[in-house]
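Structure first, then comments.
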Amino acid sequence: MSTQIPDVLIIGGGLAGLSAAAALSPRRSTLVLESESALGYHSSGRSAAMFEAHYGPGPVQVLTQASEAHHRINGYLSPRGMMLVAGPDQAEEFAADCAALSLTEIPMEQAVQMVPVLNPATVGFAAYHDTAEDLDADRLLQDFAKVTRSHGGVIRTDAQVTAIRHSAADDLWEVEVTIGTGTGRTTETLRSRHIVNAAGAWADEIAALAGLPPIGLQPKRRSMARLPAPGGHDVTRWPMIMGVGECWYAKPDAGKLLVSPADADPVAPHDAYADDMVLAEGLARYEEMVSEPVTRVEHNWAGLRSFVADGVPVMGPDPDQPSFVWCAGQGGYGVQSSPAAGRLIADLITGETPEIDAATLAALSPGRVR
């Protein structure tokens with residue numbers, strides 16, 4: 001049994017937890033616990049990873065735009081662009097998506113020049129902007145981990161939290177953790193002044209261990225397939241392509257093409273995998289808009305994007321127990337907004353004035369979902 005007392009114990013070794021750890025570790029002693037054997041094993045490591053400053057609800061956009069300088073200074077962004085395509089009978093939906101995503105309609109000839117496999121017989125409308133960028137999520141995550149360790153922060157994998165108790169006598173949390181795998185597992189009791197709940201799809205389960213009410217988190221599956229480059233084309237400079245109403249999207253990746261049905265099926269927290277039927281339906285929607293059929297899927301996978309009812313992340317002290325801090329419900333926006341989200345969590349714990357405005361803080365507060 002161990003009696004370590006870090007100032008902050010962070011549960012979750014994805015981008016949510018590690019961004020908070022990187023911001024906290026220069027100011028407070030920090031310990032990160034990740035239940036899997038690798039960091040970013042679930043949602044953080046399975047994202048299509050785009051930076052789109054105007055994507056998502058208003059509070060998400062505030063966090064994303066506050067994160068842009070971090071991404072740009074560290075070289076995580078690279079040009080990509082975004083194209084929206086719609087059928088001839090989808091004019092109304094197309095106009096709505098263009099307005100929401102700040103896209104400009106382009107002639108079909110230009111769209112086909114950019115993406116030669118588009119089928120002019122089935123694509124009635126196309127729009128584009130060049131501000132969407134690729135984001136190197138893996139390097140972002142690894143750099144957060146490096147910063148954390150460089151300031152003395154500790155990161156432990158294969159660390160499964162099994163019980164959480166708060167001691168009113170000394171205002172400390174006691175966290176029971178199973179460390180290791182197989183016959184080499186041991187149990188430790190750790191103590192800390194604050195807990196950051198950055199457990200992704202499992203955040204409500206962590207709250208339950210701590211005796212706190214849930215926030216109504218709903219994980220939703222998002223599936224992905226990797227295809228050979230269609231028709232042997234060089235896809236390197238193709239934009240991300242999205243079907244109207246986000247019914248599918250495709251994105252170049254290392255000379256291949258990633259295609260997603262953009263599914264959002266409610267599921268229980270688990271190690272997600274793609275549903276074959278859902279994937280097939282999404283690939284069929286993609287095929288309707290292109291001239292090259294899908295002949296082979298090289299690989300497929302899925303991740304979980306977790307939301308509360310209003311679709312806005314939950315960040316800040318729990319109203320019942322302020323030393324328990326939520327960093328959850330990022331949905332599909334967690335990668336691009338993580339630098340500002342991590343700084344926000346650190347500021348709230350250390351008592352610094354957040355860079356985020358008061359209205360956004362209120363919109364992110366856990367108190368709103370109680």
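Chain labels A, B, ... are given in the sequence in which chains occur in the structure tokens; within each chain residues are numbered consecutively from 1, and ligands are likewise numbered from 1 in the order shown.
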Item to check | Residues within 12 Å of Glu188 of chain A, only C-alpha atoms, excluding chain neighbours under 2 positions, as a PyMOL selection string | outcome: chain A and resi 1-4+159-164+174-180+185-186+190-191
Let's have the selection written as a compact mmCIF listing (two decimals), in the first residue's frame, with all heavy atoms.
# COMPACT_ATOMS: atom_id res chain seq x y z
N MET A 1 0.84 -1.19 0.00
CA MET A 1 0.00 0.00 0.00
C MET A 1 0.88 1.24 0.00
O MET A 1 1.89 1.31 0.67
CB MET A 1 -0.93 0.02 1.21
CG MET A 1 -1.79 1.27 1.32
SD MET A 1 -2.96 1.22 2.71
CE MET A 1 -4.07 -0.04 2.12
N SER A 2 0.46 2.25 -0.78
CA SER A 2 1.22 3.49 -0.93
C SER A 2 0.44 4.64 -0.31
O SER A 2 -0.77 4.61 -0.21
CB SER A 2 1.47 3.75 -2.42
OG SER A 2 1.73 5.08 -2.68
N THR A 3 1.13 5.66 0.13
CA THR A 3 0.45 6.82 0.71
C THR A 3 0.88 8.11 0.01
O THR A 3 1.07 9.15 0.63
CB THR A 3 0.76 6.93 2.20
OG1 THR A 3 2.18 6.99 2.39
CG2 THR A 3 0.18 5.76 2.97
N GLN A 4 1.06 8.07 -1.31
CA GLN A 4 1.40 9.25 -2.07
C GLN A 4 0.27 10.27 -1.94
O GLN A 4 -0.90 9.92 -1.96
CB GLN A 4 1.56 8.90 -3.55
CG GLN A 4 2.65 7.88 -3.83
CD GLN A 4 2.70 7.52 -5.29
OE1 GLN A 4 2.67 8.39 -6.15
NE2 GLN A 4 2.78 6.24 -5.59
N ALA A 159 -3.52 1.13 -14.70
CA ALA A 159 -3.90 1.56 -13.35
C ALA A 159 -5.42 1.72 -13.31
O ALA A 159 -5.94 2.76 -13.71
CB ALA A 159 -3.20 2.86 -12.99
N GLN A 160 -6.10 0.72 -12.85
CA GLN A 160 -7.57 0.68 -12.82
C GLN A 160 -8.10 1.16 -11.48
O GLN A 160 -7.84 0.55 -10.44
CB GLN A 160 -8.07 -0.75 -13.09
CG GLN A 160 -9.58 -0.90 -13.08
CD GLN A 160 -10.22 -0.26 -14.29
OE1 GLN A 160 -9.81 -0.49 -15.42
NE2 GLN A 160 -11.23 0.57 -14.04
N VAL A 161 -8.85 2.26 -11.49
CA VAL A 161 -9.45 2.79 -10.26
C VAL A 161 -10.63 1.90 -9.87
O VAL A 161 -11.53 1.65 -10.68
CB VAL A 161 -9.91 4.24 -10.46
CG1 VAL A 161 -10.69 4.74 -9.24
CG2 VAL A 161 -8.72 5.15 -10.74
N THR A 162 -10.64 1.44 -8.62
CA THR A 162 -11.70 0.53 -8.17
C THR A 162 -12.56 1.11 -7.05
O THR A 162 -13.67 0.62 -6.81
CB THR A 162 -11.09 -0.80 -7.67
OG1 THR A 162 -10.13 -0.51 -6.64
CG2 THR A 162 -10.40 -1.53 -8.82
N ALA A 163 -12.09 2.13 -6.36
CA ALA A 163 -12.88 2.75 -5.29
C ALA A 163 -12.37 4.15 -5.04
O ALA A 163 -11.17 4.43 -5.19
CB ALA A 163 -12.79 1.93 -4.00
N ILE A 164 -13.30 5.05 -4.68
CA ILE A 164 -12.95 6.44 -4.38
C ILE A 164 -13.73 6.87 -3.15
O ILE A 164 -14.96 6.71 -3.09
CB ILE A 164 -13.28 7.38 -5.56
CG1 ILE A 164 -12.60 6.93 -6.85
CG2 ILE A 164 -12.88 8.82 -5.22
CD1 ILE A 164 -13.00 7.73 -8.08
N GLU A 174 -9.26 9.44 -1.12
CA GLU A 174 -8.56 8.16 -1.13
C GLU A 174 -9.03 7.38 -2.34
O GLU A 174 -10.23 7.17 -2.54
CB GLU A 174 -8.86 7.36 0.14
CG GLU A 174 -8.22 7.94 1.39
CD GLU A 174 -8.38 7.01 2.59
OE1 GLU A 174 -9.11 6.00 2.46
OE2 GLU A 174 -7.78 7.31 3.63
N VAL A 175 -8.07 6.95 -3.15
CA VAL A 175 -8.38 6.27 -4.41
C VAL A 175 -7.69 4.91 -4.41
O VAL A 175 -6.46 4.83 -4.34
CB VAL A 175 -7.92 7.10 -5.62
CG1 VAL A 175 -8.24 6.38 -6.93
CG2 VAL A 175 -8.57 8.48 -5.59
N GLU A 176 -8.49 3.85 -4.45
CA GLU A 176 -7.92 2.51 -4.56
C GLU A 176 -7.70 2.18 -6.02
O GLU A 176 -8.58 2.38 -6.87
CB GLU A 176 -8.86 1.48 -3.93
CG GLU A 176 -8.92 1.57 -2.42
CD GLU A 176 -9.70 0.43 -1.80
OE1 GLU A 176 -10.09 -0.50 -2.54
OE2 GLU A 176 -9.92 0.46 -0.57
N VAL A 177 -6.51 1.66 -6.31
CA VAL A 177 -6.10 1.42 -7.69
C VAL A 177 -5.48 0.03 -7.80
O VAL A 177 -4.64 -0.35 -6.98
CB VAL A 177 -5.07 2.46 -8.16
CG1 VAL A 177 -4.78 2.31 -9.64
CG2 VAL A 177 -5.53 3.87 -7.85
N THR A 178 -5.91 -0.71 -8.83
CA THR A 178 -5.25 -1.97 -9.17
C THR A 178 -4.21 -1.68 -10.24
O THR A 178 -4.55 -1.17 -11.32
CB THR A 178 -6.27 -3.01 -9.68
OG1 THR A 178 -7.22 -3.27 -8.65
CG2 THR A 178 -5.58 -4.31 -10.07
N ILE A 179 -2.96 -2.00 -9.95
CA ILE A 179 -1.85 -1.70 -10.83
C ILE A 179 -1.35 -2.98 -11.49
O ILE A 179 -1.21 -4.01 -10.84
CB ILE A 179 -0.68 -1.07 -10.05
CG1 ILE A 179 -1.14 0.19 -9.29
CG2 ILE A 179 0.48 -0.73 -10.99
CD1 ILE A 179 -1.49 1.35 -10.15
N GLY A 180 -1.09 -2.91 -12.81
CA GLY A 180 -0.52 -4.04 -13.52
C GLY A 180 -1.57 -4.92 -14.17
O GLY A 180 -2.76 -4.61 -14.19
N ARG A 185 -0.66 -8.17 -10.77
CA ARG A 185 -1.44 -7.03 -10.27
C ARG A 185 -1.25 -6.83 -8.78
O ARG A 185 -1.18 -7.79 -8.01
CB ARG A 185 -2.92 -7.23 -10.59
CG ARG A 185 -3.24 -7.09 -12.08
CD ARG A 185 -4.72 -7.15 -12.32
NE ARG A 185 -5.27 -8.46 -11.93
CZ ARG A 185 -6.55 -8.76 -11.96
NH1 ARG A 185 -7.44 -7.85 -12.35
NH2 ARG A 185 -6.97 -9.95 -11.59
N THR A 186 -1.21 -5.56 -8.40
CA THR A 186 -1.16 -5.19 -6.99
C THR A 186 -2.19 -4.09 -6.73
O THR A 186 -2.66 -3.45 -7.66
CB THR A 186 0.24 -4.66 -6.60
OG1 THR A 186 0.54 -3.51 -7.40
CG2 THR A 186 1.30 -5.72 -6.82
N LEU A 190 -4.08 5.51 -3.01
CA LEU A 190 -3.46 6.82 -3.25
C LEU A 190 -4.33 7.89 -2.64
O LEU A 190 -5.56 7.76 -2.56
CB LEU A 190 -3.30 7.06 -4.75
CG LEU A 190 -2.60 5.95 -5.55
CD1 LEU A 190 -2.62 6.28 -7.03
CD2 LEU A 190 -1.19 5.76 -5.05
N ARG A 191 -3.70 8.99 -2.22
CA ARG A 191 -4.45 10.10 -1.66
C ARG A 191 -4.12 11.37 -2.43
O ARG A 191 -2.99 11.54 -2.92
CB ARG A 191 -4.13 10.27 -0.17
CG ARG A 191 -4.31 9.00 0.63
CD ARG A 191 -3.97 9.22 2.10
NE ARG A 191 -5.11 9.84 2.81
CZ ARG A 191 -4.99 10.50 3.95
NH1 ARG A 191 -3.80 10.67 4.50
NH2 ARG A 191 -6.05 11.00 4.54
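When the distance limit is 6 Å and only C-alpha atoms are what count, the residues near segment 282-296 of chain A, minus those fewer than 3 positions from it on the same chain, are Val117, Leu118, Asn119, Thr122, Val123, Pro261 and Leu279 of chain A.
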Please produce an output containing all heavy atoms for each residue in the selection, written as a PDB file, in the first residue's frame.
ATOM      1  N   VAL A 117     -12.713  11.845 -58.356  1.00  0.00           N
ATOM      2  CA  VAL A 117     -13.657  10.727 -58.323  1.00  0.00           C
ATOM      3  C   VAL A 117     -15.093  11.164 -58.061  1.00  0.00           C
ATOM      4  O   VAL A 117     -16.002  10.329 -58.052  1.00  0.00           O
ATOM      5  CB  VAL A 117     -13.249   9.667 -57.268  1.00  0.00           C
ATOM      6  CG1 VAL A 117     -11.889   9.081 -57.605  1.00  0.00           C
ATOM      7  CG2 VAL A 117     -13.277  10.245 -55.857  1.00  0.00           C
ATOM      8  N   LEU A 118     -15.340  12.447 -57.830  1.00  0.00           N
ATOM      9  CA  LEU A 118     -16.722  12.893 -57.659  1.00  0.00           C
ATOM     10  C   LEU A 118     -17.507  12.621 -58.936  1.00  0.00           C
ATOM     11  O   LEU A 118     -17.001  12.784 -60.055  1.00  0.00           O
ATOM     12  CB  LEU A 118     -16.775  14.388 -57.327  1.00  0.00           C
ATOM     13  CG  LEU A 118     -16.284  14.797 -55.938  1.00  0.00           C
ATOM     14  CD1 LEU A 118     -16.371  16.319 -55.780  1.00  0.00           C
ATOM     15  CD2 LEU A 118     -17.099  14.117 -54.838  1.00  0.00           C
ATOM     16  N   ASN A 119     -18.753  12.232 -58.771  1.00  0.00           N
ATOM     17  CA  ASN A 119     -19.599  11.857 -59.907  1.00  0.00           C
ATOM     18  C   ASN A 119     -20.559  13.010 -60.229  1.00  0.00           C
ATOM     19  O   ASN A 119     -21.510  13.244 -59.485  1.00  0.00           O
ATOM     20  CB  ASN A 119     -20.390  10.599 -59.562  1.00  0.00           C
ATOM     21  CG  ASN A 119     -21.170  10.068 -60.748  1.00  0.00           C
ATOM     22  OD1 ASN A 119     -21.270  10.725 -61.790  1.00  0.00           O
ATOM     23  ND2 ASN A 119     -21.729   8.881 -60.598  1.00  0.00           N
ATOM     24  N   THR A 122     -24.372  12.538 -59.950  1.00  0.00           N
ATOM     25  CA  THR A 122     -25.075  12.381 -58.666  1.00  0.00           C
ATOM     26  C   THR A 122     -24.798  13.518 -57.683  1.00  0.00           C
ATOM     27  O   THR A 122     -25.546  13.688 -56.717  1.00  0.00           O
ATOM     28  CB  THR A 122     -24.685  11.048 -57.993  1.00  0.00           C
ATOM     29  OG1 THR A 122     -23.259  10.984 -57.849  1.00  0.00           O
ATOM     30  CG2 THR A 122     -25.167   9.869 -58.822  1.00  0.00           C
ATOM     31  N   VAL A 123     -23.738  14.276 -57.912  1.00  0.00           N
ATOM     32  CA  VAL A 123     -23.431  15.423 -57.055  1.00  0.00           C
ATOM     33  C   VAL A 123     -24.051  16.662 -57.678  1.00  0.00           C
ATOM     34  O   VAL A 123     -23.652  17.095 -58.764  1.00  0.00           O
ATOM     35  CB  VAL A 123     -21.909  15.610 -56.880  1.00  0.00           C
ATOM     36  CG1 VAL A 123     -21.623  16.841 -56.024  1.00  0.00           C
ATOM     37  CG2 VAL A 123     -21.287  14.375 -56.251  1.00  0.00           C
ATOM     38  N   PRO A 261     -19.168   6.479 -41.786  1.00  0.00           N
ATOM     39  CA  PRO A 261     -20.602   6.696 -41.937  1.00  0.00           C
ATOM     40  C   PRO A 261     -21.112   7.815 -41.044  1.00  0.00           C
ATOM     41  O   PRO A 261     -22.310   8.113 -41.055  1.00  0.00           O
ATOM     42  CB  PRO A 261     -21.211   5.352 -41.531  1.00  0.00           C
ATOM     43  CG  PRO A 261     -20.216   4.731 -40.626  1.00  0.00           C
ATOM     44  CD  PRO A 261     -18.871   5.200 -41.117  1.00  0.00           C
ATOM     45  N   LEU A 279     -21.298   0.332 -41.094  1.00  0.00           N
ATOM     46  CA  LEU A 279     -20.189   0.699 -41.960  1.00  0.00           C
ATOM     47  C   LEU A 279     -20.573   0.534 -43.428  1.00  0.00           C
ATOM     48  O   LEU A 279     -20.293   1.412 -44.261  1.00  0.00           O
ATOM     49  CB  LEU A 279     -18.979  -0.173 -41.626  1.00  0.00           C
ATOM     50  CG  LEU A 279     -17.598   0.363 -41.991  1.00  0.00           C
ATOM     51  CD1 LEU A 279     -17.337   1.706 -41.327  1.00  0.00           C
ATOM     52  CD2 LEU A 279     -16.535  -0.641 -41.577  1.00  0.00           C
TER      53      LEU A 279
END
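Here the question is which of A:Tyr249, A:Trp238, A:Trp301, A:Tyr55 gets nearest to Val112 of chain A using only C-alpha atoms, and that residue is A:Trp238.
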Per DSSP on the backbone, filter segment 168-366 of chain A down to the residues in alpha helix (DSSP H) and report them as an mmCIF file with N, CA and C atoms, in the first residue's frame.
data_model
loop_
_atom_site.group_PDB
_atom_site.id
_atom_site.type_symbol
_atom_site.label_atom_id
_atom_site.label_comp_id
_atom_site.auth_asym_id
_atom_site.auth_seq_id
_atom_site.Cartn_x
_atom_site.Cartn_y
_atom_site.Cartn_z
ATOM 1 N N ALA A 203 -16.722 8.457 -17.489
ATOM 2 C CA ALA A 203 -16.700 9.530 -16.493
ATOM 3 C C ALA A 203 -17.842 9.416 -15.487
ATOM 4 N N ASP A 204 -19.039 9.037 -15.935
ATOM 5 C CA ASP A 204 -20.140 8.871 -14.980
ATOM 6 C C ASP A 204 -19.873 7.712 -14.026
ATOM 7 N N GLU A 205 -19.209 6.666 -14.501
ATOM 8 C CA GLU A 205 -18.880 5.541 -13.632
ATOM 9 C C GLU A 205 -17.858 5.957 -12.565
ATOM 10 N N ILE A 206 -16.916 6.811 -12.930
ATOM 11 C CA ILE A 206 -15.954 7.313 -11.948
ATOM 12 C C ILE A 206 -16.679 8.164 -10.906
ATOM 13 N N ALA A 207 -17.620 8.987 -11.342
ATOM 14 C CA ALA A 207 -18.388 9.796 -10.388
ATOM 15 C C ALA A 207 -19.162 8.908 -9.419
ATOM 16 N N ALA A 208 -19.726 7.831 -9.939
ATOM 17 C CA ALA A 208 -20.480 6.911 -9.076
ATOM 18 C C ALA A 208 -19.574 6.305 -8.013
ATOM 19 N N LEU A 209 -18.335 5.956 -8.384
ATOM 20 C CA LEU A 209 -17.389 5.431 -7.396
ATOM 21 C C LEU A 209 -17.133 6.458 -6.288
ATOM 22 N N ASP A 276 -20.601 -3.836 -38.738
ATOM 23 C CA ASP A 276 -20.447 -4.098 -40.166
ATOM 24 C C ASP A 276 -21.572 -3.491 -40.994
ATOM 25 N N MET A 277 -22.817 -3.592 -40.510
ATOM 26 C CA MET A 277 -23.944 -3.072 -41.274
ATOM 27 C C MET A 277 -23.914 -1.554 -41.339
ATOM 28 N N VAL A 278 -23.629 -0.919 -40.213
ATOM 29 C CA VAL A 278 -23.543 0.546 -40.185
ATOM 30 C C VAL A 278 -22.437 1.026 -41.122
ATOM 31 N N LEU A 279 -21.298 0.332 -41.094
ATOM 32 C CA LEU A 279 -20.189 0.699 -41.960
ATOM 33 C C LEU A 279 -20.573 0.534 -43.428
ATOM 34 N N ALA A 280 -21.240 -0.565 -43.761
ATOM 35 C CA ALA A 280 -21.653 -0.812 -45.138
ATOM 36 C C ALA A 280 -22.623 0.256 -45.626
ATOM 37 N N GLU A 281 -23.555 0.660 -44.773
ATOM 38 C CA GLU A 281 -24.515 1.694 -45.162
ATOM 39 C C GLU A 281 -23.818 3.029 -45.408
ATOM 40 N N GLY A 282 -22.835 3.357 -44.556
ATOM 41 C CA GLY A 282 -22.092 4.592 -44.738
ATOM 42 C C GLY A 282 -21.249 4.580 -46.000
ATOM 43 N N LEU A 283 -20.610 3.451 -46.287
ATOM 44 C CA LEU A 283 -19.822 3.333 -47.516
ATOM 45 C C LEU A 283 -20.719 3.439 -48.744
ATOM 46 N N ALA A 284 -21.948 2.945 -48.632
ATOM 47 C CA ALA A 284 -22.894 3.057 -49.749
ATOM 48 C C ALA A 284 -23.264 4.516 -49.998
ATOM 49 N N ARG A 285 -23.438 5.300 -48.925
ATOM 50 C CA ARG A 285 -23.749 6.728 -49.094
ATOM 51 C C ARG A 285 -22.571 7.452 -49.741
ATOM 52 N N TYR A 286 -21.351 7.087 -49.360
ATOM 53 C CA TYR A 286 -20.164 7.643 -50.003
ATOM 54 C C TYR A 286 -20.119 7.252 -51.480
ATOM 55 N N GLU A 287 -20.371 5.972 -51.770
ATOM 56 C CA GLU A 287 -20.297 5.488 -53.152
ATOM 57 C C GLU A 287 -21.279 6.198 -54.079
ATOM 58 N N GLY A 334 -12.947 17.111 -28.763
ATOM 59 C CA GLY A 334 -11.947 17.090 -27.707
ATOM 60 C C GLY A 334 -10.521 17.273 -28.175
ATOM 61 N N VAL A 335 -10.186 16.779 -29.366
ATOM 62 C CA VAL A 335 -8.806 16.897 -29.842
ATOM 63 C C VAL A 335 -8.468 18.355 -30.096
ATOM 64 N N GLN A 336 -9.284 19.030 -30.885
ATOM 65 C CA GLN A 336 -8.939 20.388 -31.289
ATOM 66 C C GLN A 336 -9.049 21.400 -30.145
ATOM 67 N N SER A 337 -9.883 21.107 -29.140
ATOM 68 C CA SER A 337 -10.082 22.058 -28.047
ATOM 69 C C SER A 337 -9.249 21.734 -26.813
ATOM 70 N N SER A 338 -8.436 20.680 -26.862
ATOM 71 C CA SER A 338 -7.764 20.190 -25.647
ATOM 72 C C SER A 338 -6.776 21.171 -25.017
ATOM 73 N N PRO A 339 -5.986 21.941 -25.758
ATOM 74 C CA PRO A 339 -5.051 22.835 -25.062
ATOM 75 C C PRO A 339 -5.758 23.845 -24.158
ATOM 76 N N ALA A 340 -6.806 24.490 -24.679
ATOM 77 C CA ALA A 340 -7.533 25.473 -23.861
ATOM 78 C C ALA A 340 -8.312 24.795 -22.745
ATOM 79 N N ALA A 341 -8.852 23.603 -23.024
ATOM 80 C CA ALA A 341 -9.580 22.869 -21.984
ATOM 81 C C ALA A 341 -8.650 22.506 -20.830
ATOM 82 N N GLY A 342 -7.452 22.046 -21.146
ATOM 83 C CA GLY A 342 -6.493 21.704 -20.100
ATOM 84 C C GLY A 342 -6.096 22.911 -19.272
ATOM 85 N N ARG A 343 -5.881 24.038 -19.933
ATOM 86 C CA ARG A 343 -5.530 25.259 -19.198
ATOM 87 C C ARG A 343 -6.687 25.696 -18.300
ATOM 88 N N LEU A 344 -7.918 25.533 -18.789
ATOM 89 C CA LEU A 344 -9.078 25.909 -17.989
ATOM 90 C C LEU A 344 -9.155 25.078 -16.712
ATOM 91 N N ILE A 345 -8.997 23.768 -16.842
ATOM 92 C CA ILE A 345 -9.038 22.899 -15.661
ATOM 93 C C ILE A 345 -7.947 23.301 -14.669
ATOM 94 N N ALA A 346 -6.758 23.588 -15.174
ATOM 95 C CA ALA A 346 -5.651 23.984 -14.296
ATOM 96 C C ALA A 346 -5.953 25.302 -13.592
ATOM 97 N N ASP A 347 -6.497 26.260 -14.314
ATOM 98 C CA ASP A 347 -6.815 27.554 -13.701
ATOM 99 C C ASP A 347 -7.884 27.417 -12.622
ATOM 100 N N LEU A 348 -8.881 26.587 -12.873
ATOM 101 C CA LEU A 348 -9.950 26.412 -11.888
ATOM 102 C C LEU A 348 -9.430 25.754 -10.608
ATOM 103 N N ILE A 349 -8.474 24.845 -10.756
ATOM 104 C CA ILE A 349 -7.927 24.166 -9.577
ATOM 105 C C ILE A 349 -6.962 25.059 -8.802
ATOM 106 N N THR A 350 -6.160 25.850 -9.515
ATOM 107 C CA THR A 350 -5.136 26.670 -8.849
ATOM 108 C C THR A 350 -5.647 28.047 -8.449
ATOM 109 N N ALA A 358 -16.851 34.574 -18.818
ATOM 110 C CA ALA A 358 -17.766 34.080 -17.783
ATOM 111 C C ALA A 358 -18.954 33.329 -18.372
ATOM 112 N N ALA A 359 -19.491 33.793 -19.490
ATOM 113 C CA ALA A 359 -20.645 33.122 -20.092
ATOM 114 C C ALA A 359 -20.274 31.721 -20.558
ATOM 115 N N THR A 360 -19.085 31.556 -21.127
ATOM 116 C CA THR A 360 -18.635 30.233 -21.566
ATOM 117 C C THR A 360 -18.380 29.334 -20.365
ATOM 118 N N LEU A 361 -17.793 29.889 -19.309
ATOM 119 C CA LEU A 361 -17.585 29.108 -18.090
ATOM 120 C C LEU A 361 -18.904 28.560 -17.557
ATOM 121 N N ALA A 362 -19.925 29.403 -17.559
ATOM 122 C CA ALA A 362 -21.237 28.964 -17.073
ATOM 123 C C ALA A 362 -21.819 27.891 -17.974
ATOM 124 N N ALA A 363 -21.604 28.040 -19.270
ATOM 125 C CA ALA A 363 -22.142 27.047 -20.222
ATOM 126 C C ALA A 363 -21.452 25.699 -20.080
ATOM 127 N N LEU A 364 -20.194 25.703 -19.608
ATOM 128 C CA LEU A 364 -19.435 24.462 -19.428
ATOM 129 C C LEU A 364 -19.622 23.849 -18.042
#
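Once Trp173 of chain A and its same-chain neighbours fewer than 2 positions away are set aside, A:Arg165, A:His166, A:Arg191, A:Ser192 remain within 6 Å of it when counting only C-alpha atoms.
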Keeping only N, CA and C atoms, write those residues as an mmCIF file, in the first residue's frame.
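In the end it all went to result_19.cif:
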data_model
loop_
_atom_site.group_PDB
_atom_site.id
_atom_site.type_symbol
_atom_site.label_atom_id
_atom_site.label_comp_id
_atom_site.auth_asym_id
_atom_site.auth_seq_id
_atom_site.Cartn_x
_atom_site.Cartn_y
_atom_site.Cartn_z
ATOM 1 N N ARG A 165 -13.025 7.423 -2.173
ATOM 2 C CA ARG A 165 -13.678 7.919 -0.961
ATOM 3 C C ARG A 165 -13.129 9.297 -0.621
ATOM 4 N N HIS A 166 -13.994 10.141 -0.069
ATOM 5 C CA HIS A 166 -13.534 11.454 0.392
ATOM 6 C C HIS A 166 -13.555 11.496 1.911
ATOM 7 N N ARG A 191 -3.704 8.987 -2.222
ATOM 8 C CA ARG A 191 -4.454 10.103 -1.658
ATOM 9 C C ARG A 191 -4.120 11.374 -2.432
ATOM 10 N N SER A 192 -5.095 12.250 -2.567
ATOM 11 C CA SER A 192 -4.858 13.504 -3.281
ATOM 12 C C SER A 192 -5.831 14.571 -2.796
#
Item to check | Polymer residues at most 9 Å from Ala137 of chain A, only C-alpha atoms, same-chain spacing of 2 or more positions, as a PyMOL selection string | outcome: chain A and resi 15+44-45+47-50+76+135+139-142+335-336
Output file for the residues above (N, CA and C atoms, as a PDB file, in the first residue's frame):
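Just written: result_9.pdb:
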ATOM      1  N   LEU A  15      -6.421  12.687 -24.240  1.00  0.00           N
ATOM      2  CA  LEU A  15      -6.088  14.096 -24.402  1.00  0.00           C
ATOM      3  C   LEU A  15      -6.711  14.970 -23.321  1.00  0.00           C
ATOM      4  N   SER A  44      -9.113   9.278 -28.030  1.00  0.00           N
ATOM      5  CA  SER A  44      -8.023  10.152 -28.467  1.00  0.00           C
ATOM      6  C   SER A  44      -7.187   9.528 -29.574  1.00  0.00           C
ATOM      7  N   GLY A  45      -7.065   8.208 -29.571  1.00  0.00           N
ATOM      8  CA  GLY A  45      -6.250   7.537 -30.574  1.00  0.00           C
ATOM      9  C   GLY A  45      -7.022   7.064 -31.783  1.00  0.00           C
ATOM     10  N   SER A  47      -9.379   9.192 -33.591  1.00  0.00           N
ATOM     11  CA  SER A  47     -10.050  10.360 -34.161  1.00  0.00           C
ATOM     12  C   SER A  47      -9.541  10.659 -35.560  1.00  0.00           C
ATOM     13  N   ALA A  48     -10.427  11.215 -36.389  1.00  0.00           N
ATOM     14  CA  ALA A  48     -10.001  11.687 -37.711  1.00  0.00           C
ATOM     15  C   ALA A  48      -9.156  12.948 -37.580  1.00  0.00           C
ATOM     16  N   ALA A  49      -9.233  13.633 -36.450  1.00  0.00           N
ATOM     17  CA  ALA A  49      -8.320  14.711 -36.052  1.00  0.00           C
ATOM     18  C   ALA A  49      -8.225  15.836 -37.076  1.00  0.00           C
ATOM     19  N   MET A  50      -9.240  16.677 -37.064  1.00  0.00           N
ATOM     20  CA  MET A  50      -9.236  17.895 -37.869  1.00  0.00           C
ATOM     21  C   MET A  50      -9.311  19.102 -36.952  1.00  0.00           C
ATOM     22  N   TYR A  76       1.380  21.400 -35.131  1.00  0.00           N
ATOM     23  CA  TYR A  76       0.471  20.257 -35.210  1.00  0.00           C
ATOM     24  C   TYR A  76      -0.477  20.342 -36.408  1.00  0.00           C
ATOM     25  N   LEU A 135      -4.804  17.762 -37.988  1.00  0.00           N
ATOM     26  CA  LEU A 135      -4.221  17.970 -36.669  1.00  0.00           C
ATOM     27  C   LEU A 135      -3.533  16.679 -36.243  1.00  0.00           C
ATOM     28  N   ARG A 139       1.001  13.292 -31.881  1.00  0.00           N
ATOM     29  CA  ARG A 139       2.115  14.124 -31.391  1.00  0.00           C
ATOM     30  C   ARG A 139       1.644  15.084 -30.310  1.00  0.00           C
ATOM     31  N   LEU A 140       0.425  15.607 -30.460  1.00  0.00           N
ATOM     32  CA  LEU A 140      -0.160  16.474 -29.439  1.00  0.00           C
ATOM     33  C   LEU A 140      -0.225  15.743 -28.099  1.00  0.00           C
ATOM     34  N   LEU A 141      -0.735  14.520 -28.123  1.00  0.00           N
ATOM     35  CA  LEU A 141      -0.869  13.739 -26.892  1.00  0.00           C
ATOM     36  C   LEU A 141       0.496  13.423 -26.289  1.00  0.00           C
ATOM     37  N   GLN A 142       1.426  12.993 -27.124  1.00  0.00           N
ATOM     38  CA  GLN A 142       2.756  12.639 -26.612  1.00  0.00           C
ATOM     39  C   GLN A 142       3.477  13.854 -26.050  1.00  0.00           C
ATOM     40  N   VAL A 335     -10.186  16.779 -29.366  1.00  0.00           N
ATOM     41  CA  VAL A 335      -8.806  16.897 -29.842  1.00  0.00           C
ATOM     42  C   VAL A 335      -8.468  18.355 -30.096  1.00  0.00           C
ATOM     43  N   GLN A 336      -9.284  19.030 -30.885  1.00  0.00           N
ATOM     44  CA  GLN A 336      -8.939  20.388 -31.289  1.00  0.00           C
ATOM     45  C   GLN A 336      -9.049  21.400 -30.145  1.00  0.00           C
TER      46      GLN A 336
END
